[in-house]
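Undergrad: The following block contains the structure, expressed as structure tokens.
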Amino acid sequence: MQHQSFHSEIRAQTLIETIWPASTALNAMASAVRIVLLTVTGSLLIWLAAKIQIPFYPVPLTMGTFAILFIGMAYGWRLGSATVLIYLFEGAIGLPVFAGTPEKGIGLAYMMGGTGGYLFGYVLAISAVGWLAERGWSKSTMAIGCAMLIGNVLIYVPGLLWLGILFGWDKPIIEWGLAPFLLGDLVKLALATALFSMMRVLIGRQKS
């Protein structure tokens, strides 16, 4: 009992739980509907974000990582992980959910290509950011930014490793997989941090 109480104390309420609480009073059906609606909606938001391209230097910004970091912080690690797994399943069965699909391929063939490591990184990132959010890292702008930075690194690591396995460990790693995206990812990280912080404050004021 003490062990359970300790974990309930250290776990912070996520943004989505503030907006739509998962009350223990809900019956099993209502709880299942809540989970399905949130995860499917989240996967559709990631899909939409992946298709957004904003002119930027040196490459256009796509907003997929923005959505991953934001949803991880808002949902927590369980709902966040389920959401990104649904998104990847949608892609695996051939839906054009990824940036560059269907033009650059589709389904498992696309997922095993150069972007495959980054897609795996999505799972690591959303889980880590969500776990940190549940430990109180969503309560300050600095902590939110640090959590999202950790998530961004966890997207890069498997992404760059997979590029190295496929294409070699010299130019592909830096020139293809890292350098063109660093500035844009910093901008997206700052935007996600600012937007989440503002939403947290606004919703907190409405609830109080």
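Note on naming: chains are A, B, ... as they come in the structure tokens, residues start from 1 per chain, ligands start from 1 in the order shown.
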Set the distance at 9 Å and use only C-alpha atoms: which residues neighbour Leu69 (chain A) once local chain neighbours fewer than 3 positions away are removed? I'd like the list as an MDAnalysis selection string.
TA: chainID A and resid 64:66 72:74 122 125:126 129:130 147:149 151:152 189 192:193
Undergrad: Take the residues from that selection and write them out as a compact mmCIF listing (two decimals), in the first residue's frame, keeping all heavy atoms.
TA:
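Done, and the output landed in again23.txt:
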```
# COMPACT_ATOMS: atom_id res chain seq x y z
N GLY A 64 6.03 17.13 -38.03
CA GLY A 64 5.81 15.86 -37.36
C GLY A 64 6.42 15.79 -35.98
O GLY A 64 5.77 15.35 -35.02
N THR A 65 7.68 16.22 -35.85
CA THR A 65 8.33 16.16 -34.53
C THR A 65 7.67 17.12 -33.54
O THR A 65 7.60 16.84 -32.34
CB THR A 65 9.83 16.48 -34.64
OG1 THR A 65 10.01 17.76 -35.27
CG2 THR A 65 10.54 15.43 -35.47
N PHE A 66 7.18 18.24 -34.04
CA PHE A 66 6.43 19.18 -33.20
C PHE A 66 5.24 18.47 -32.56
O PHE A 66 5.01 18.56 -31.34
CB PHE A 66 5.95 20.35 -34.06
CG PHE A 66 5.07 21.34 -33.34
CD1 PHE A 66 5.62 22.49 -32.78
CD2 PHE A 66 3.71 21.13 -33.23
CE1 PHE A 66 4.81 23.41 -32.12
CE2 PHE A 66 2.89 22.04 -32.58
CZ PHE A 66 3.44 23.18 -32.01
N GLY A 72 3.25 14.03 -26.58
CA GLY A 72 3.89 13.34 -25.46
C GLY A 72 3.74 14.11 -24.17
O GLY A 72 3.39 13.55 -23.12
N MET A 73 3.98 15.41 -24.21
CA MET A 73 3.85 16.25 -23.02
C MET A 73 2.41 16.35 -22.56
O MET A 73 2.14 16.37 -21.34
CB MET A 73 4.42 17.65 -23.33
CG MET A 73 4.46 18.60 -22.16
SD MET A 73 5.48 18.06 -20.76
CE MET A 73 7.13 18.11 -21.48
N ALA A 74 1.46 16.39 -23.48
CA ALA A 74 0.05 16.55 -23.12
C ALA A 74 -0.59 15.25 -22.65
O ALA A 74 -1.43 15.25 -21.74
CB ALA A 74 -0.72 17.09 -24.32
N TYR A 122 10.40 8.27 -32.80
CA TYR A 122 9.13 8.84 -32.36
C TYR A 122 8.59 8.11 -31.12
O TYR A 122 8.07 8.74 -30.20
CB TYR A 122 8.08 8.75 -33.47
CG TYR A 122 8.18 9.79 -34.55
CD1 TYR A 122 9.21 10.72 -34.59
CD2 TYR A 122 7.21 9.86 -35.55
CE1 TYR A 122 9.29 11.68 -35.59
CE2 TYR A 122 7.27 10.82 -36.56
CZ TYR A 122 8.31 11.73 -36.57
OH TYR A 122 8.37 12.67 -37.56
N ALA A 125 10.76 9.01 -28.12
CA ALA A 125 10.59 10.41 -27.73
C ALA A 125 9.26 10.64 -27.02
O ALA A 125 9.22 11.27 -25.96
CB ALA A 125 10.68 11.30 -28.96
N ILE A 126 8.18 10.15 -27.59
CA ILE A 126 6.87 10.41 -27.00
C ILE A 126 6.74 9.73 -25.64
O ILE A 126 6.11 10.25 -24.72
CB ILE A 126 5.75 10.00 -27.98
CG1 ILE A 126 4.49 10.83 -27.72
CG2 ILE A 126 5.44 8.51 -27.90
CD1 ILE A 126 3.45 10.71 -28.83
N VAL A 129 9.11 11.86 -23.15
CA VAL A 129 8.50 13.16 -22.84
C VAL A 129 7.26 12.97 -21.98
O VAL A 129 7.03 13.71 -21.01
CB VAL A 129 8.17 13.93 -24.13
CG1 VAL A 129 7.38 15.21 -23.82
CG2 VAL A 129 9.45 14.30 -24.89
N GLY A 130 6.45 11.98 -22.32
CA GLY A 130 5.26 11.70 -21.53
C GLY A 130 5.58 11.28 -20.11
O GLY A 130 4.92 11.70 -19.15
N ALA A 147 12.50 18.72 -21.34
CA ALA A 147 11.88 17.44 -21.66
C ALA A 147 11.76 17.26 -23.17
O ALA A 147 12.05 16.18 -23.71
CB ALA A 147 10.51 17.33 -21.00
N MET A 148 11.35 18.31 -23.86
CA MET A 148 11.21 18.22 -25.31
C MET A 148 12.55 18.10 -26.00
O MET A 148 12.68 17.43 -27.04
CB MET A 148 10.42 19.42 -25.83
CG MET A 148 8.95 19.40 -25.43
SD MET A 148 8.01 20.71 -26.25
CE MET A 148 6.34 20.32 -25.68
N LEU A 149 13.58 18.73 -25.44
CA LEU A 149 14.93 18.59 -26.00
C LEU A 149 15.40 17.14 -25.88
O LEU A 149 15.99 16.58 -26.81
CB LEU A 149 15.89 19.52 -25.27
CG LEU A 149 17.36 19.47 -25.73
CD1 LEU A 149 17.48 19.82 -27.21
CD2 LEU A 149 18.21 20.40 -24.88
N GLY A 151 13.46 14.57 -25.78
CA GLY A 151 12.69 13.85 -26.78
C GLY A 151 13.26 14.00 -28.17
O GLY A 151 13.34 13.03 -28.93
N ASN A 152 13.69 15.21 -28.51
CA ASN A 152 14.26 15.46 -29.83
C ASN A 152 15.55 14.66 -30.03
O ASN A 152 15.80 14.09 -31.11
CB ASN A 152 14.54 16.95 -30.01
CG ASN A 152 14.17 17.46 -31.38
OD1 ASN A 152 13.68 18.58 -31.53
ND2 ASN A 152 14.39 16.66 -32.41
N LEU A 189 11.00 23.18 -31.50
CA LEU A 189 11.05 22.91 -30.06
C LEU A 189 10.63 24.14 -29.27
O LEU A 189 9.86 24.04 -28.31
CB LEU A 189 12.45 22.46 -29.68
CG LEU A 189 12.65 21.83 -28.30
CD1 LEU A 189 13.83 20.85 -28.35
CD2 LEU A 189 12.92 22.88 -27.24
N ALA A 192 6.83 24.61 -29.71
CA ALA A 192 6.07 23.62 -28.94
C ALA A 192 6.11 23.95 -27.46
O ALA A 192 5.09 23.84 -26.75
CB ALA A 192 6.63 22.22 -29.21
N THR A 193 7.28 24.35 -26.98
CA THR A 193 7.42 24.71 -25.56
C THR A 193 6.55 25.92 -25.21
O THR A 193 5.83 25.92 -24.20
CB THR A 193 8.89 25.03 -25.24
OG1 THR A 193 9.69 23.87 -25.51
CG2 THR A 193 9.05 25.43 -23.79
```
Undergrad: I want to know what sits within 7 Å of region 134-139 of chain A, based on only C-alpha atoms, with residues of the same chain fewer than 3 positions away left out; could you give that as a PyMOL selection string?
TA: chain A and resi 10-14+73+76+130-131+143-144+147
Undergrad: Residues at most 10 Å from Ser81 (chain A), counting only C-alpha atoms, excluding those fewer than 2 positions away in the same chain, as a list in words?
TA: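 My reading of the contact set: Thr39, Ile68, Ile71, Gly72, Tyr75, Gly76, Trp77, Arg78, Leu79, Thr83, Val84, Leu85, Ile86, Tyr87, Tyr122, Val123, Leu124, Ala125, Ile126, Ser127, Ala128 and Gly130 of chain A.
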Undergrad: Next, the residues of the selection above should be written as a short mmCIF file (atom, residue, chain, number, x, y, z; two decimals), in the first residue's frame with C-alpha atoms.
TA:
```
data_model
loop_
_atom_site.label_atom_id
_atom_site.label_comp_id
_atom_site.auth_asym_id
_atom_site.auth_seq_id
_atom_site.Cartn_x
_atom_site.Cartn_y
_atom_site.Cartn_z
CA THR A 39 -5.31 8.06 -29.39
CA ILE A 68 5.21 14.14 -31.29
CA ILE A 71 1.36 15.10 -27.67
CA GLY A 72 3.89 13.34 -25.46
CA TYR A 75 -0.87 12.85 -23.00
CA GLY A 76 1.70 11.20 -20.77
CA TRP A 77 3.69 8.13 -21.75
CA ARG A 78 0.94 5.50 -21.95
CA LEU A 79 -1.55 7.42 -24.08
CA THR A 83 -1.04 7.18 -30.10
CA VAL A 84 2.25 6.97 -31.98
CA LEU A 85 1.93 3.18 -32.35
CA ILE A 86 -1.47 3.69 -33.97
CA TYR A 87 0.12 6.27 -36.27
CA TYR A 122 9.13 8.84 -32.36
CA VAL A 123 8.19 6.00 -30.00
CA LEU A 124 11.17 6.65 -27.73
CA ALA A 125 10.59 10.41 -27.73
CA ILE A 126 6.87 10.41 -27.00
CA SER A 127 7.34 7.84 -24.22
CA ALA A 128 10.19 9.76 -22.60
CA GLY A 130 5.26 11.70 -21.53
#
```
Undergrad: Quick one, how far is CA of Glu175 (chain A) from CA of Ile46 (chain A)?
TA: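 It comes out at 26.0 Å.
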Undergrad: Using DSSP secondary structure from the backbone, list all helix (DSSP H, G or I) positions within chain A, as JSON, numbers by chain.
TA: {"A": [2, 3, 4, 5, 6, 7, 8, 9, 10, 15, 16, 17, 18, 19, 28, 29, 30, 31, 32, 33, 34, 35, 36, 37, 38, 39, 40, 41, 42, 43, 44, 45, 46, 47, 48, 49, 50, 51, 64, 65, 66, 67, 68, 69, 70, 71, 72, 73, 74, 75, 77, 78, 79, 80, 81, 82, 83, 84, 85, 86, 87, 88, 89, 90, 91, 92, 107, 108, 109, 110, 111, 116, 117, 118, 119, 120, 121, 122, 123, 124, 125, 126, 127, 128, 129, 130, 131, 132, 133, 134, 135, 136, 137, 141, 142, 143, 144, 145, 146, 147, 148, 149, 150, 151, 152, 153, 154, 155, 156, 157, 158, 159, 160, 161, 162, 163, 164, 165, 166, 167, 171, 172, 173, 174, 175, 176, 179, 180, 181, 182, 183, 184, 185, 186, 187, 188, 189, 190, 191, 192, 193, 194, 195, 196, 197, 198, 199, 200, 201, 202, 203, 204, 205, 206, 207]}
Undergrad: Keeping C-alpha atoms for every residue in the selection just given, could you write it to a file as a short mmCIF file (atom, residue, chain, number, x, y, z; two decimals), in the first residue's frame?
TA:
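As written to disk, part-v8.cif reads:
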```
data_model
loop_
_atom_site.label_atom_id
_atom_site.label_comp_id
_atom_site.auth_asym_id
_atom_site.auth_seq_id
_atom_site.Cartn_x
_atom_site.Cartn_y
_atom_site.Cartn_z
CA GLN A 2 2.82 2.41 0.83
CA HIS A 3 4.52 1.58 -2.46
CA GLN A 4 1.35 2.40 -4.44
CA SER A 5 0.80 5.60 -2.46
CA PHE A 6 4.36 6.76 -3.18
CA HIS A 7 3.92 6.35 -6.94
CA SER A 8 0.57 8.11 -6.92
CA GLU A 9 2.18 11.06 -5.16
CA ILE A 10 5.07 11.49 -7.60
CA LEU A 15 -2.68 18.32 -19.56
CA ILE A 16 -5.19 15.94 -21.14
CA GLU A 17 -6.20 14.67 -17.70
CA THR A 18 -6.86 18.27 -16.67
CA ILE A 19 -9.05 18.80 -19.73
CA ALA A 28 -15.16 0.39 -18.54
CA MET A 29 -16.95 1.28 -21.76
CA ALA A 30 -16.69 5.03 -21.22
CA SER A 31 -13.01 4.69 -20.30
CA ALA A 32 -12.33 2.68 -23.48
CA VAL A 33 -14.14 5.27 -25.60
CA ARG A 34 -12.03 8.03 -24.07
CA ILE A 35 -8.79 6.19 -24.83
CA VAL A 36 -9.82 5.36 -28.41
CA LEU A 37 -10.93 8.92 -29.15
CA LEU A 38 -7.75 10.46 -27.74
CA THR A 39 -5.31 8.06 -29.39
CA VAL A 40 -6.98 8.06 -32.80
CA THR A 41 -7.36 11.85 -32.76
CA GLY A 42 -3.72 12.17 -31.73
CA SER A 43 -2.59 9.91 -34.57
CA LEU A 44 -4.56 12.01 -37.05
CA LEU A 45 -2.93 15.18 -35.69
CA ILE A 46 0.52 13.63 -36.22
CA TRP A 47 -0.55 12.67 -39.75
CA LEU A 48 -1.69 16.22 -40.46
CA ALA A 49 1.47 17.71 -38.94
CA ALA A 50 3.70 15.46 -41.06
CA LYS A 51 2.06 16.87 -44.19
CA GLY A 64 5.81 15.86 -37.36
CA THR A 65 8.33 16.16 -34.53
CA PHE A 66 6.43 19.18 -33.20
CA ALA A 67 3.31 17.03 -32.88
CA ILE A 68 5.21 14.14 -31.29
CA LEU A 69 6.77 16.32 -28.59
CA PHE A 70 3.55 18.21 -27.89
CA ILE A 71 1.36 15.10 -27.67
CA GLY A 72 3.89 13.34 -25.46
CA MET A 73 3.85 16.25 -23.02
CA ALA A 74 0.05 16.55 -23.12
CA TYR A 75 -0.87 12.85 -23.00
CA TRP A 77 3.69 8.13 -21.75
CA ARG A 78 0.94 5.50 -21.95
CA LEU A 79 -1.55 7.42 -24.08
CA GLY A 80 1.30 9.00 -26.02
CA SER A 81 2.92 5.66 -26.83
CA ALA A 82 -0.42 4.17 -27.87
CA THR A 83 -1.04 7.18 -30.10
CA VAL A 84 2.25 6.97 -31.98
CA LEU A 85 1.93 3.18 -32.35
CA ILE A 86 -1.47 3.69 -33.97
CA TYR A 87 0.12 6.27 -36.27
CA LEU A 88 2.87 3.85 -37.26
CA PHE A 89 0.32 1.08 -37.81
CA GLU A 90 -1.61 3.39 -40.12
CA GLY A 91 1.57 3.92 -42.09
CA ALA A 92 2.49 0.22 -42.10
CA GLY A 107 3.87 1.19 -46.17
CA LEU A 108 6.62 -1.00 -44.73
CA ALA A 109 8.92 -0.35 -47.70
CA TYR A 110 8.95 3.36 -46.84
CA MET A 111 9.34 2.68 -43.13
CA GLY A 116 12.87 4.36 -40.49
CA GLY A 117 15.15 5.17 -37.58
CA TYR A 118 13.46 8.50 -36.99
CA LEU A 119 10.06 6.80 -36.92
CA PHE A 120 11.33 4.41 -34.24
CA GLY A 121 12.67 7.48 -32.46
CA TYR A 122 9.13 8.84 -32.36
CA VAL A 123 8.19 6.00 -30.00
CA LEU A 124 11.17 6.65 -27.73
CA ALA A 125 10.59 10.41 -27.73
CA ILE A 126 6.87 10.41 -27.00
CA SER A 127 7.34 7.84 -24.22
CA ALA A 128 10.19 9.76 -22.60
CA VAL A 129 8.50 13.16 -22.84
CA GLY A 130 5.26 11.70 -21.53
CA TRP A 131 7.02 10.00 -18.63
CA LEU A 132 8.75 13.26 -17.71
CA ALA A 133 5.44 15.14 -17.94
CA GLU A 134 3.98 12.69 -15.42
CA ARG A 135 6.92 13.49 -13.11
CA GLY A 136 6.10 17.20 -13.05
CA TRP A 137 8.20 18.42 -15.98
CA THR A 141 8.58 26.48 -19.21
CA MET A 142 12.20 25.53 -18.56
CA ALA A 143 11.30 21.95 -17.64
CA ILE A 144 8.99 21.62 -20.64
CA GLY A 145 11.76 22.78 -22.95
CA CYS A 146 14.29 20.39 -21.39
CA ALA A 147 11.88 17.44 -21.66
CA MET A 148 11.21 18.22 -25.31
CA LEU A 149 14.93 18.59 -26.00
CA ILE A 150 15.49 15.12 -24.55
CA GLY A 151 12.69 13.85 -26.78
CA ASN A 152 14.26 15.46 -29.83
CA VAL A 153 17.61 13.80 -29.07
CA LEU A 154 15.84 10.44 -28.79
CA ILE A 155 14.45 10.95 -32.30
CA TYR A 156 17.89 11.74 -33.71
CA VAL A 157 19.81 8.85 -32.13
CA PRO A 158 18.06 5.89 -33.82
CA GLY A 159 17.52 8.00 -36.93
CA LEU A 160 21.24 8.62 -37.39
CA LEU A 161 22.18 5.06 -36.43
CA TRP A 162 19.80 3.67 -39.06
CA LEU A 163 21.15 6.05 -41.71
CA GLY A 164 24.65 4.87 -40.86
CA ILE A 165 23.66 1.23 -41.22
CA LEU A 166 22.00 1.87 -44.57
CA PHE A 167 24.36 4.35 -46.20
CA LYS A 171 28.63 12.06 -44.96
CA PRO A 172 25.12 10.57 -44.55
CA ILE A 173 25.24 11.00 -40.78
CA ILE A 174 26.09 14.71 -40.69
CA GLU A 175 25.14 16.07 -44.11
CA TRP A 176 21.91 14.11 -44.59
CA ALA A 179 22.91 19.33 -40.06
CA PRO A 180 19.99 20.26 -42.36
CA PHE A 181 17.44 19.81 -39.57
CA LEU A 182 19.09 21.25 -36.45
CA LEU A 183 17.99 24.86 -36.85
CA GLY A 184 14.44 23.95 -37.84
CA ASP A 185 14.11 21.52 -34.95
CA LEU A 186 15.25 24.18 -32.49
CA VAL A 187 12.55 26.51 -33.85
CA LYS A 188 9.90 23.78 -33.57
CA LEU A 189 11.05 22.91 -30.06
CA ALA A 190 10.76 26.55 -29.00
CA LEU A 191 7.29 26.84 -30.56
CA ALA A 192 6.07 23.62 -28.94
CA THR A 193 7.42 24.71 -25.56
CA ALA A 194 5.83 28.16 -25.78
CA LEU A 195 2.46 26.84 -27.01
CA PHE A 196 2.29 24.14 -24.37
CA SER A 197 3.23 26.59 -21.61
CA MET A 198 0.52 29.03 -22.71
CA MET A 199 -2.11 26.29 -22.91
CA ARG A 200 -1.16 25.00 -19.46
CA VAL A 201 -1.54 28.47 -17.94
CA LEU A 202 -4.83 29.22 -19.71
CA ILE A 203 -6.41 25.88 -18.82
CA GLY A 204 -5.15 26.18 -15.24
CA ARG A 205 -6.83 29.57 -14.92
CA GLN A 206 -10.11 28.23 -16.29
CA LYS A 207 -10.08 25.30 -13.86
#
```
Undergrad: For the structure I just gave you, how does DSSP split chain A - specifically, which residues are strand (DSSP E or B)? Reply as a list in words.
TA: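 Restricting chain A to strand (DSSP E or B) produces Gln53, Ile54, Leu61 and Thr62 of chain A.
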